[in-house]
>>> print(open('run_38.pdb').read())   # PDB, C-alpha atoms, pLDDT in the B column
ATOM      1  CA  MET A   1       0.000   0.000   0.000  1.00 62.00           C
ATOM      2  CA  ALA A   2       1.500   3.319  -1.078  1.00 70.00           C
ATOM      3  CA  GLY A   3       2.420   5.533   1.873  1.00 86.00           C
ATOM      4  CA  LEU A   4       2.168   2.746   4.421  1.00 94.00           C
ATOM      5  CA  VAL A   5       5.183   2.200   6.687  1.00 95.00           C
ATOM      6  CA  VAL A   6       5.252  -0.700   9.128  1.00 96.00           C
ATOM      7  CA  SER A   7       7.983  -1.300  11.696  1.00 96.00           C
ATOM      8  CA  GLY A   8       7.188  -4.023  14.188  1.00 96.00           C
ATOM      9  CA  THR A   9       3.996  -2.927  15.926  1.00 97.00           C
ATOM     10  CA  GLN A  10       4.298   0.689  14.652  1.00 98.00           C
ATOM     11  CA  VAL A  11       2.155   1.681  11.682  1.00 97.00           C
ATOM     12  CA  SER A  12       2.426   5.009   9.845  1.00 97.00           C
ATOM     13  CA  TYR A  13       0.113   6.299   7.136  1.00 97.00           C
ATOM     14  CA  ILE A  14       1.177   9.933   6.923  1.00 97.00           C
ATOM     15  CA  GLY A  15       0.397  12.647   4.384  1.00 95.00           C
ATOM     16  CA  GLN A  16      -1.913  10.645   2.141  1.00 95.00           C
ATOM     17  CA  ASP A  17      -4.721  13.220   2.012  1.00 95.00           C
ATOM     18  CA  CYS A  18      -7.228  10.588   3.096  1.00 95.00           C
ATOM     19  CA  ARG A  19     -10.551  11.809   4.490  1.00 95.00           C
ATOM     20  CA  GLU A  20     -11.259   8.568   6.303  1.00 95.00           C
ATOM     21  CA  ILE A  21      -9.237   5.640   7.568  1.00 96.00           C
ATOM     22  CA  PRO A  22      -8.833   3.173   4.689  1.00 94.00           C
ATOM     23  CA  GLU A  23     -10.654  -0.087   5.333  1.00 94.00           C
ATOM     24  CA  HIS A  24      -7.691  -2.156   4.190  1.00 93.00           C
ATOM     25  CA  LEU A  25      -5.453  -0.391   6.724  1.00 95.00           C
ATOM     26  CA  GLY A  26      -7.495  -1.771   9.578  1.00 95.00           C
ATOM     27  CA  ARG A  27      -7.848  -5.152   7.942  1.00 95.00           C
ATOM     28  CA  ASP A  28      -4.110  -5.554   7.348  1.00 95.00           C
ATOM     29  CA  CYS A  29      -2.682  -3.862  10.433  1.00 96.00           C
ATOM     30  CA  GLY A  30      -5.392  -3.506  13.039  1.00 96.00           C
ATOM     31  CA  HIS A  31      -4.743  -6.841  14.725  1.00 96.00           C
ATOM     32  CA  PHE A  32      -1.099  -6.082  15.633  1.00 97.00           C
ATOM     33  CA  ALA A  33      -0.643  -2.292  15.645  1.00 98.00           C
ATOM     34  CA  LYS A  34       0.210  -0.695  18.977  1.00 98.00           C
ATOM     35  CA  ARG A  35       1.264   2.680  17.582  1.00 98.00           C
ATOM     36  CA  LEU A  36      -0.648   4.328  14.712  1.00 98.00           C
ATOM     37  CA  ASP A  37       0.378   7.614  13.081  1.00 98.00           C
ATOM     38  CA  LEU A  38      -2.235   9.179  10.787  1.00 98.00           C
ATOM     39  CA  SER A  39      -0.893  12.739  10.861  1.00 98.00           C
ATOM     40  CA  PHE A  40      -0.972  15.159   7.915  1.00 97.00           C
ATOM     41  CA  ASN A  41      -4.117  13.764   6.339  1.00 97.00           C
ATOM     42  CA  LEU A  42      -7.600  15.239   5.867  1.00 97.00           C
ATOM     43  CA  LEU A  43      -9.434  13.112   8.388  1.00 97.00           C
ATOM     44  CA  ARG A  44     -12.846  14.340   9.482  1.00 96.00           C
ATOM     45  CA  SER A  45     -13.959  10.995  10.889  1.00 95.00           C
ATOM     46  CA  LEU A  46     -12.278   8.188  12.804  1.00 96.00           C
ATOM     47  CA  GLU A  47     -14.636   5.521  11.548  1.00 94.00           C
ATOM     48  CA  GLY A  48     -12.551   2.412  10.949  1.00 94.00           C
ATOM     49  CA  LEU A  49     -10.393   2.932  14.019  1.00 97.00           C
ATOM     50  CA  SER A  50     -12.342   0.195  15.807  1.00 95.00           C
ATOM     51  CA  ALA A  51     -10.156  -2.344  13.990  1.00 96.00           C
ATOM     52  CA  PHE A  52      -7.182  -1.121  16.094  1.00 97.00           C
ATOM     53  CA  ARG A  53      -8.301  -2.324  19.514  1.00 93.00           C
ATOM     54  CA  SER A  54      -4.780  -2.856  20.895  1.00 96.00           C
ATOM     55  CA  LEU A  55      -3.492   0.675  20.287  1.00 98.00           C
ATOM     56  CA  GLU A  56      -1.254   2.240  22.902  1.00 98.00           C
ATOM     57  CA  GLU A  57      -0.268   5.371  20.937  1.00 98.00           C
ATOM     58  CA  LEU A  58      -2.387   7.302  18.436  1.00 98.00           C
ATOM     59  CA  ILE A  59      -1.081  10.308  16.488  1.00 98.00           C
ATOM     60  CA  LEU A  60      -3.724  12.416  14.701  1.00 98.00           C
ATOM     61  CA  ASP A  61      -1.908  15.745  14.261  1.00 98.00           C
ATOM     62  CA  ASN A  62      -2.679  18.053  11.333  1.00 97.00           C
ATOM     63  CA  ASN A  63      -6.073  16.707  10.306  1.00 98.00           C
ATOM     64  CA  GLN A  64      -9.556  18.219  10.180  1.00 97.00           C
ATOM     65  CA  LEU A  65     -11.114  16.526  13.178  1.00 98.00           C
ATOM     66  CA  GLY A  66     -13.784  18.581  14.906  1.00 97.00           C
ATOM     67  CA  ASP A  67     -16.224  18.427  17.785  1.00 96.00           C
ATOM     68  CA  ASP A  68     -17.981  15.380  16.322  1.00 94.00           C
ATOM     69  CA  LEU A  69     -14.833  13.328  16.901  1.00 95.00           C
ATOM     70  CA  VAL A  70     -15.685   9.819  18.128  1.00 96.00           C
ATOM     71  CA  LEU A  71     -13.100   7.300  19.307  1.00 97.00           C
ATOM     72  CA  PRO A  72     -13.892   3.624  19.858  1.00 96.00           C
ATOM     73  CA  GLY A  73     -13.087   2.082  23.202  1.00 97.00           C
ATOM     74  CA  LEU A  74      -9.288   1.890  23.420  1.00 97.00           C
ATOM     75  CA  PRO A  75      -8.512   0.457  26.864  1.00 97.00           C
ATOM     76  CA  SER A  76      -4.714   0.329  26.344  1.00 97.00           C
ATOM     77  CA  LEU A  77      -4.235   3.786  24.801  1.00 98.00           C
ATOM     78  CA  HIS A  78      -1.831   5.881  26.880  1.00 98.00           C
ATOM     79  CA  THR A  79      -0.730   8.495  24.303  1.00 98.00           C
ATOM     80  CA  LEU A  80      -2.984  10.658  22.119  1.00 98.00           C
ATOM     81  CA  THR A  81      -1.990  13.727  20.117  1.00 98.00           C
ATOM     82  CA  LEU A  82      -4.599  15.834  18.334  1.00 98.00           C
ATOM     83  CA  ASN A  83      -2.486  18.899  17.546  1.00 96.00           C
ATOM     84  CA  LYS A  84      -3.680  21.301  14.854  1.00 95.00           C
ATOM     85  CA  ASN A  85      -7.199  20.042  14.300  1.00 96.00           C
ATOM     86  CA  ARG A  86     -10.551  21.848  14.569  1.00 95.00           C
ATOM     87  CA  ILE A  87     -11.592  21.046  18.110  1.00 95.00           C
ATOM     88  CA  THR A  88     -13.453  23.811  19.951  1.00 94.00           C
ATOM     89  CA  ASP A  89     -15.588  22.009  22.549  1.00 95.00           C
ATOM     90  CA  LEU A  90     -13.066  21.042  25.207  1.00 94.00           C
ATOM     91  CA  GLU A  91     -15.504  19.655  27.769  1.00 94.00           C
ATOM     92  CA  TYR A  92     -17.156  17.293  25.300  1.00 95.00           C
ATOM     93  CA  LEU A  93     -13.775  15.974  24.193  1.00 97.00           C
ATOM     94  CA  LEU A  94     -12.513  15.412  27.740  1.00 97.00           C
ATOM     95  CA  ASP A  95     -15.699  13.639  28.837  1.00 96.00           C
ATOM     96  CA  HIS A  96     -15.440  11.400  25.782  1.00 98.00           C
ATOM     97  CA  LEU A  97     -11.779  10.601  26.417  1.00 98.00           C
ATOM     98  CA  ALA A  98     -12.480   9.795  30.064  1.00 97.00           C
ATOM     99  CA  GLU A  99     -15.019   7.233  28.888  1.00 97.00           C
ATOM    100  CA  VAL A 100     -13.166   5.528  26.019  1.00 98.00           C
ATOM    101  CA  THR A 101      -9.468   5.918  26.963  1.00 98.00           C
ATOM    102  CA  PRO A 102      -9.223   5.087  30.687  1.00 97.00           C
ATOM    103  CA  ALA A 103      -5.437   4.506  30.536  1.00 98.00           C
ATOM    104  CA  LEU A 104      -4.612   7.856  28.900  1.00 98.00           C
ATOM    105  CA  GLU A 105      -1.491   9.525  30.336  1.00 98.00           C
ATOM    106  CA  TYR A 106      -0.143  11.708  27.498  1.00 98.00           C
ATOM    107  CA  LEU A 107      -2.397  14.193  25.696  1.00 98.00           C
ATOM    108  CA  SER A 108      -1.603  17.109  23.382  1.00 97.00           C
ATOM    109  CA  LEU A 109      -4.166  19.537  21.927  1.00 96.00           C
ATOM    110  CA  LEU A 110      -1.940  22.371  20.705  1.00 94.00           C
ATOM    111  CA  GLY A 111      -3.182  24.353  17.746  1.00 92.00           C
ATOM    112  CA  ASN A 112      -6.892  23.809  18.479  1.00 94.00           C
ATOM    113  CA  VAL A 113      -9.285  26.564  19.529  1.00 92.00           C
ATOM    114  CA  ALA A 114     -10.008  24.416  22.594  1.00 92.00           C
ATOM    115  CA  CYS A 115      -6.407  24.941  23.713  1.00 92.00           C
ATOM    116  CA  PRO A 116      -6.017  28.687  24.386  1.00 89.00           C
ATOM    117  CA  ASN A 117      -2.607  30.078  23.568  1.00 76.00           C
ATOM    118  CA  GLU A 118      -1.422  33.681  23.475  1.00 66.00           C
ATOM    119  CA  LEU A 119       0.749  33.148  20.394  1.00 57.00           C
ATOM    120  CA  VAL A 120      -2.125  31.623  18.411  1.00 63.00           C
ATOM    121  CA  SER A 121      -4.774  34.109  19.532  1.00 70.00           C
ATOM    122  CA  LEU A 122      -3.914  37.596  20.733  1.00 67.00           C
ATOM    123  CA  GLU A 123      -7.009  37.492  22.943  1.00 74.00           C
ATOM    124  CA  LYS A 124      -5.538  34.646  25.017  1.00 74.00           C
ATOM    125  CA  ASP A 125      -2.823  34.885  27.625  1.00 75.00           C
ATOM    126  CA  GLU A 126      -0.891  32.752  30.077  1.00 78.00           C
ATOM    127  CA  GLU A 127      -3.734  32.781  32.599  1.00 84.00           C
ATOM    128  CA  ASP A 128      -6.104  31.349  29.983  1.00 86.00           C
ATOM    129  CA  TYR A 129      -3.684  28.506  29.415  1.00 90.00           C
ATOM    130  CA  LYS A 130      -3.288  27.842  33.155  1.00 89.00           C
ATOM    131  CA  ARG A 131      -7.053  27.653  33.583  1.00 90.00           C
ATOM    132  CA  TYR A 132      -7.242  25.303  30.599  1.00 93.00           C
ATOM    133  CA  ARG A 133      -4.644  22.987  32.149  1.00 93.00           C
ATOM    134  CA  CYS A 134      -6.487  23.034  35.465  1.00 93.00           C
ATOM    135  CA  PHE A 135      -9.766  22.043  33.792  1.00 94.00           C
ATOM    136  CA  VAL A 136      -8.164  19.287  31.688  1.00 95.00           C
ATOM    137  CA  LEU A 137      -6.494  17.773  34.758  1.00 95.00           C
ATOM    138  CA  TYR A 138      -9.762  17.936  36.673  1.00 94.00           C
ATOM    139  CA  LYS A 139     -11.415  15.896  33.917  1.00 94.00           C
ATOM    140  CA  LEU A 140      -8.436  13.584  33.266  1.00 96.00           C
ATOM    141  CA  PRO A 141      -6.604  13.277  36.600  1.00 95.00           C
ATOM    142  CA  ASN A 142      -4.348  10.440  35.434  1.00 95.00           C
ATOM    143  CA  LEU A 143      -2.503  12.529  32.839  1.00 97.00           C
ATOM    144  CA  LYS A 144       1.278  12.711  33.247  1.00 97.00           C
ATOM    145  CA  PHE A 145       1.943  15.083  30.333  1.00 97.00           C
ATOM    146  CA  LEU A 146      -0.293  17.724  28.795  1.00 97.00           C
ATOM    147  CA  ASP A 147       0.831  19.607  25.674  1.00 95.00           C
ATOM    148  CA  ALA A 148       4.499  18.626  26.004  1.00 86.00           C
ATOM    149  CA  ARG A 149       4.711  19.769  29.615  1.00 93.00           C
ATOM    150  CA  LYS A 150       4.930  17.401  32.542  1.00 96.00           C
ATOM    151  CA  VAL A 151       2.060  17.658  35.003  1.00 95.00           C
ATOM    152  CA  THR A 152       3.243  18.811  38.424  1.00 93.00           C
ATOM    153  CA  ARG A 153       1.938  17.734  41.810  1.00 93.00           C
ATOM    154  CA  GLN A 154       0.868  21.306  42.487  1.00 93.00           C
ATOM    155  CA  GLU A 155      -1.199  21.334  39.296  1.00 91.00           C
ATOM    156  CA  ARG A 156      -2.874  18.085  40.342  1.00 92.00           C
ATOM    157  CA  GLU A 157      -3.763  19.498  43.726  1.00 89.00           C
ATOM    158  CA  GLU A 158      -5.085  22.706  42.193  1.00 90.00           C
ATOM    159  CA  ALA A 159      -7.177  20.755  39.676  1.00 86.00           C
ATOM    160  CA  LEU A 160      -8.686  18.658  42.451  1.00 90.00           C
ATOM    161  CA  VAL A 161      -9.734  21.722  44.425  1.00 83.00           C
ATOM    162  CA  ARG A 162     -10.455  24.304  41.700  1.00 80.00           C
ATOM    163  CA  GLY A 163     -10.797  22.402  38.424  1.00 68.00           C
ATOM    164  CA  ALA A 164     -14.587  22.295  38.466  1.00 74.00           C
ATOM    165  CA  PHE A 165     -14.685  26.119  38.461  1.00 67.00           C
ATOM    166  CA  MET A 166     -12.640  26.324  35.248  1.00 68.00           C
ATOM    167  CA  LYS A 167     -15.422  24.946  33.070  1.00 70.00           C
ATOM    168  CA  VAL A 168     -15.148  26.089  29.475  1.00 55.00           C
ATOM    169  CA  VAL A 169     -18.260  27.723  28.043  1.00 48.00           C
ATOM    170  CA  LYS A 170     -18.837  28.174  24.331  1.00 47.00           C
ATOM    171  CA  PRO A 171     -20.551  31.562  23.860  1.00 40.00           C
ATOM    172  CA  LYS A 172     -23.697  31.883  21.807  1.00 42.00           C
ATOM    173  CA  VAL A 173     -23.041  33.318  18.366  1.00 40.00           C
ATOM    174  CA  SER A 174     -25.472  35.954  17.173  1.00 41.00           C
ATOM    175  CA  SER A 175     -26.881  35.935  13.649  1.00 43.00           C
ATOM    176  CA  GLU A 176     -24.824  39.047  12.919  1.00 44.00           C
ATOM    177  CA  ASP A 177     -21.630  37.292  13.883  1.00 41.00           C
ATOM    178  CA  THR A 178     -21.987  33.824  12.353  1.00 39.00           C
ATOM    179  CA  ALA A 179     -18.779  34.271  10.416  1.00 44.00           C
ATOM    180  CA  SER A 180     -16.725  34.737  13.546  1.00 41.00           C
ATOM    181  CA  SER A 181     -14.471  31.975  14.804  1.00 42.00           C
ATOM    182  CA  PRO A 182     -15.672  30.193  17.982  1.00 42.00           C
ATOM    183  CA  GLU A 183     -13.871  31.141  21.159  1.00 43.00           C
ATOM    184  CA  HIS A 184     -13.820  29.949  24.737  1.00 41.00           C
ATOM    185  CA  HIS A 185     -14.427  31.852  27.926  1.00 42.00           C
ATOM    186  CA  TYR A 186     -13.783  30.755  31.475  1.00 39.00           C
ATOM    187  CA  THR A 187     -15.588  31.399  34.693  1.00 40.00           C
ATOM    188  CA  PRO A 188     -13.713  33.890  36.909  1.00 38.00           C
ATOM    189  CA  LEU A 189     -10.771  32.423  38.749  1.00 37.00           C
ATOM    190  CA  PRO A 190     -11.029  32.062  42.520  1.00 39.00           C
ATOM    191  CA  SER A 191      -8.163  33.869  44.203  1.00 34.00           C
ATOM    192  CA  ALA A 192      -6.598  30.583  45.300  1.00 35.00           C
ATOM    193  CA  SER A 193      -6.060  29.657  41.673  1.00 35.00           C
ATOM    194  CA  ARG A 194      -3.259  32.192  41.593  1.00 33.00           C
ATOM    195  CA  GLU A 195      -1.197  29.596  43.409  1.00 34.00           C
ATOM    196  CA  LEU A 196      -0.798  27.572  40.237  1.00 34.00           C
ATOM    197  CA  THR A 197       2.800  26.735  39.398  1.00 35.00           C
ATOM    198  CA  SER A 198       4.291  29.650  37.500  1.00 35.00           C
ATOM    199  CA  HIS A 199       5.541  28.846  34.019  1.00 37.00           C
ATOM    200  CA  ARG A 200       6.214  31.361  31.330  1.00 38.00           C
ATOM    201  CA  GLY A 201       4.092  29.626  28.767  1.00 42.00           C
ATOM    202  CA  LEU A 202       5.163  26.733  26.595  1.00 41.00           C
ATOM    203  CA  PRO A 203       8.717  26.105  25.320  1.00 42.00           C
ATOM    204  CA  ALA A 204       9.588  28.800  22.807  1.00 38.00           C
ATOM    205  CA  LEU A 205      10.384  26.397  19.978  1.00 38.00           C
ATOM    206  CA  LEU A 206       7.102  24.598  20.528  1.00 42.00           C
ATOM    207  CA  LEU A 207       5.123  27.824  20.279  1.00 40.00           C
ATOM    208  CA  LEU A 208       6.981  29.019  17.226  1.00 36.00           C
ATOM    209  CA  ASN A 209       6.057  25.826  15.435  1.00 41.00           C
ATOM    210  CA  LEU A 210       2.394  26.742  15.757  1.00 42.00           C
ATOM    211  CA  TYR A 211       3.027  29.433  13.153  1.00 38.00           C
ATOM    212  CA  SER A 212       4.169  26.901  10.567  1.00 39.00           C
ATOM    213  CA  VAL A 213       1.765  25.831   7.856  1.00 34.00           C
ATOM    214  CA  SER A 214       2.500  22.327   9.019  1.00 38.00           C
ATOM    215  CA  TRP A 215       4.694  20.757  11.649  1.00 37.00           C
ATOM    216  CA  GLY A 216       5.780  17.266  12.511  1.00 38.00           C
ATOM    217  CA  SER A 217       4.189  14.879  14.930  1.00 39.00           C
ATOM    218  CA  VAL A 218       5.042  15.809  18.490  1.00 38.00           C
ATOM    219  CA  ALA A 219       4.769  12.270  19.721  1.00 37.00           C
ATOM    220  CA  MET A 220       8.096  10.496  20.152  1.00 38.00           C
ATOM    221  CA  PHE A 221       8.577   6.762  20.577  1.00 34.00           C
ATOM    222  CA  THR A 222      11.986   6.386  22.163  1.00 32.00           C
ATOM    223  CA  MET A 223      12.413   2.586  22.015  1.00 35.00           C
ATOM    224  CA  GLY A 224      13.610   2.340  25.602  1.00 35.00           C
ATOM    225  CA  LYS A 225      16.461   4.852  25.286  1.00 32.00           C
ATOM    226  CA  THR A 226      16.895   7.995  27.339  1.00 31.00           C
ATOM    227  CA  GLN A 227      16.214  11.090  25.239  1.00 37.00           C
ATOM    228  CA  LYS A 228      16.291  14.812  25.803  1.00 34.00           C
ATOM    229  CA  ALA A 229      13.186  16.501  24.358  1.00 33.00           C
ATOM    230  CA  THR A 230      12.971  20.210  23.656  1.00 32.00           C
ATOM    231  CA  GLY A 231      11.715  22.050  26.700  1.00 36.00           C
ATOM    232  CA  LEU A 232      11.866  18.956  28.879  1.00 34.00           C
ATOM    233  CA  SER A 233      14.508  17.644  31.252  1.00 35.00           C
ATOM    234  CA  GLU A 234      16.233  14.351  30.567  1.00 37.00           C
ATOM    235  CA  MET A 235      13.965  11.406  31.322  1.00 39.00           C
ATOM    236  CA  THR A 236      13.323   7.782  30.457  1.00 37.00           C
ATOM    237  CA  SER A 237      11.302   6.593  27.474  1.00 37.00           C
ATOM    238  CA  SER A 238       8.255   6.040  29.634  1.00 39.00           C
ATOM    239  CA  GLU A 239       8.143   9.802  30.238  1.00 41.00           C
ATOM    240  CA  ALA A 240       9.732  11.359  27.154  1.00 38.00           C
ATOM    241  CA  LYS A 241       6.728  11.217  24.886  1.00 41.00           C
ATOM    242  CA  PHE A 242       6.879  14.625  23.296  1.00 40.00           C
ATOM    243  CA  CYS A 243       9.516  16.481  21.375  1.00 39.00           C
ATOM    244  CA  ILE A 244       9.302  19.314  18.919  1.00 39.00           C
ATOM    245  CA  PRO A 245      11.025  19.228  15.522  1.00 41.00           C
ATOM    246  CA  SER A 246      12.668  22.221  13.922  1.00 40.00           C
ATOM    247  CA  PRO A 247      10.295  24.694  12.264  1.00 41.00           C
ATOM    248  CA  ILE A 248       9.416  23.992   8.645  1.00 41.00           C
ATOM    249  CA  SER A 249      10.691  26.659   6.349  1.00 39.00           C
TER     250      SER A 249
END
>>> encode(input="run_38.pdb", output="structure tokens")
Amino acid sequence: MAGLVVSGTQVSYIGQDCREIPEHLGRDCGHFAKRLDLSFNLLRSLEGLSAFRSLEELILDNNQLGDDLVLPGLPSLHTLTLNKNRITDLEYLLDHLAEVTPALEYLSLLGNVACPNELVSLEKDEEDYKRYRCFVLYKLPNLKFLDARKVTRQEREEALVRGAFMKVVKPKVSSEDTASSPEHHYTPLPSASRELTSHRGLPALLLLNLYSVSWGSVAMFTMGKTQKATGLSEMTSSEAKFCIPSPIS
């Protein structure tokens, strides 16, 4: 099959402009694949993914997946990247992931409207991103990494106490403003939320890559070797799941 790359239990079908998962991909590879990379396609639906029941890592970066995204039950999935898609409804997505991916530990949503970022939208700032992290960790308390940043104990504690107050609300769009892009607003922060761990945003190289027309998969499979990922300290393969490639010129 043109464009298909198989290495052991890793399956890649990248940049094929497919709008749906090819049936023969699931038929030929679904029974053994543990890592599936479908980045840089035109996916709007994940129908056909049910053939990959043993997946542990799923890379869906740079597609056209939106708020109607539906994943089958994937009980072994621990890594999911959905960078640069069209996801706006954060709460729906998180509730869905909590139901169908109970083992999820690594999640990345960069480049979606649902993930507020001051370098993607001038109306967002660092506080928006902190509130977003707090809400995600409230919904998915087992996460170890979120958007290429390791989850801290302080963030976990804050999410447990304050996460429910960070609920994302999609504003109603008036008939005069139907052409506007959807945005997210947060309920006001309680004063205690100021105690969140202070970080000056995401790693610079990571943020700069959001300006690229396209950028590589941020998921990294390290094959048991110690790696050093951009913006992260040195760690073992069980932790080093995300790295950022050089910007595409």
>>> closest_residue(input="run_38.pdb", among="A:Asn41, A:Asn83, A:Asn112, A:Thr101", to="Gly3 in chain A", atoms="all atoms listed in the file")
A:Asn41
>>> resolve_selection(input="run_38.pdb", expression="the PyMOL selection byres ((chain A and resi 10) around 8)", output="list in words")
Val6, Ser7, Gly8, Thr9, Val11, Ser12, Ala33, Lys34, Arg35 and Leu36 of chain A
>>> write_last_selection(input="run_38.pdb", atoms="C-alpha atoms", output="PDB file, in the frame of the given file")
ATOM      1  CA  VAL A   6       5.252  -0.700   9.128  1.00 96.00           C
ATOM      2  CA  SER A   7       7.983  -1.300  11.696  1.00 96.00           C
ATOM      3  CA  GLY A   8       7.188  -4.023  14.188  1.00 96.00           C
ATOM      4  CA  THR A   9       3.996  -2.927  15.926  1.00 97.00           C
ATOM      5  CA  VAL A  11       2.155   1.681  11.682  1.00 97.00           C
ATOM      6  CA  SER A  12       2.426   5.009   9.845  1.00 97.00           C
ATOM      7  CA  ALA A  33      -0.643  -2.292  15.645  1.00 98.00           C
ATOM      8  CA  LYS A  34       0.210  -0.695  18.977  1.00 98.00           C
ATOM      9  CA  ARG A  35       1.264   2.680  17.582  1.00 98.00           C
ATOM     10  CA  LEU A  36      -0.648   4.328  14.712  1.00 98.00           C
TER      11      LEU A  36
END
>>> resolve_selection(input="run_38.pdb", expression="the PyMOL selection byres ((chain A and resi 47) around 10)", output="PyMOL selection string")
chain A and resi 20-23+43-46+48-51+69-72
>>> atom_distance(input="run_38.pdb", atom1="CA of Phe135 in chain A", atom2="CA of Glu91 in chain A")
8.7 Å
>>> atom_distance(input="run_38.pdb", atom1="CA of Asn142 in chain A", atom2="CA of Phe40 in chain A")
28.1 Å
>>> closest_residue(input="run_38.pdb", among="A:Val5, A:Val161, A:Leu110, A:Leu94", to="Leu60 in chain A", atoms="only C-alpha atoms")
A:Leu110
>>> closest_residue(input="run_38.pdb", among="A:Asp28, A:Asp125, A:Glu158, A:Glu105", to="Leu140 in chain A", atoms="only C-alpha atoms")
A:Glu105
>>> closest_residue(input="run_38.pdb", among="A:Thr88, A:Ser39, A:Gln16, A:Thr79", to="Gly111 in chain A", atoms="only C-alpha atoms")
A:Thr88
>>> closest_residue(input="run_38.pdb", among="A:Phe52, A:Arg153, A:Cys29, A:Lys167", to="Asp89 in chain A", atoms="all atoms listed in the file")
A:Lys167
>>> atom_distance(input="run_38.pdb", atom1="CA of Leu109 in chain A", atom2="CA of Thr81 in chain A")
6.5 Å
>>> closest_residue(input="run_38.pdb", among="A:Arg162, A:Val100, A:Gly73, A:Asn63", to="Asp37 in chain A", atoms="only C-alpha atoms")
A:Asn63
>>> axis_aligned_box(input="run_38.pdb", around="range 41-49 of chain A", padding_each_side="5 Å", output="lines of an AutoDock Vina configuration file")
center_x = -9.4
center_y = 8.8
center_z = 9.9
size_x = 20.5
size_y = 22.8
size_z = 18.2
>>> residues_around(input="run_38.pdb", residues="Ser76 in chain A", least_positions_apart="6", cutoff="8 Å", atoms="all atoms listed in the file", output="ChimeraX atom specification")
/A:54-56,101-104
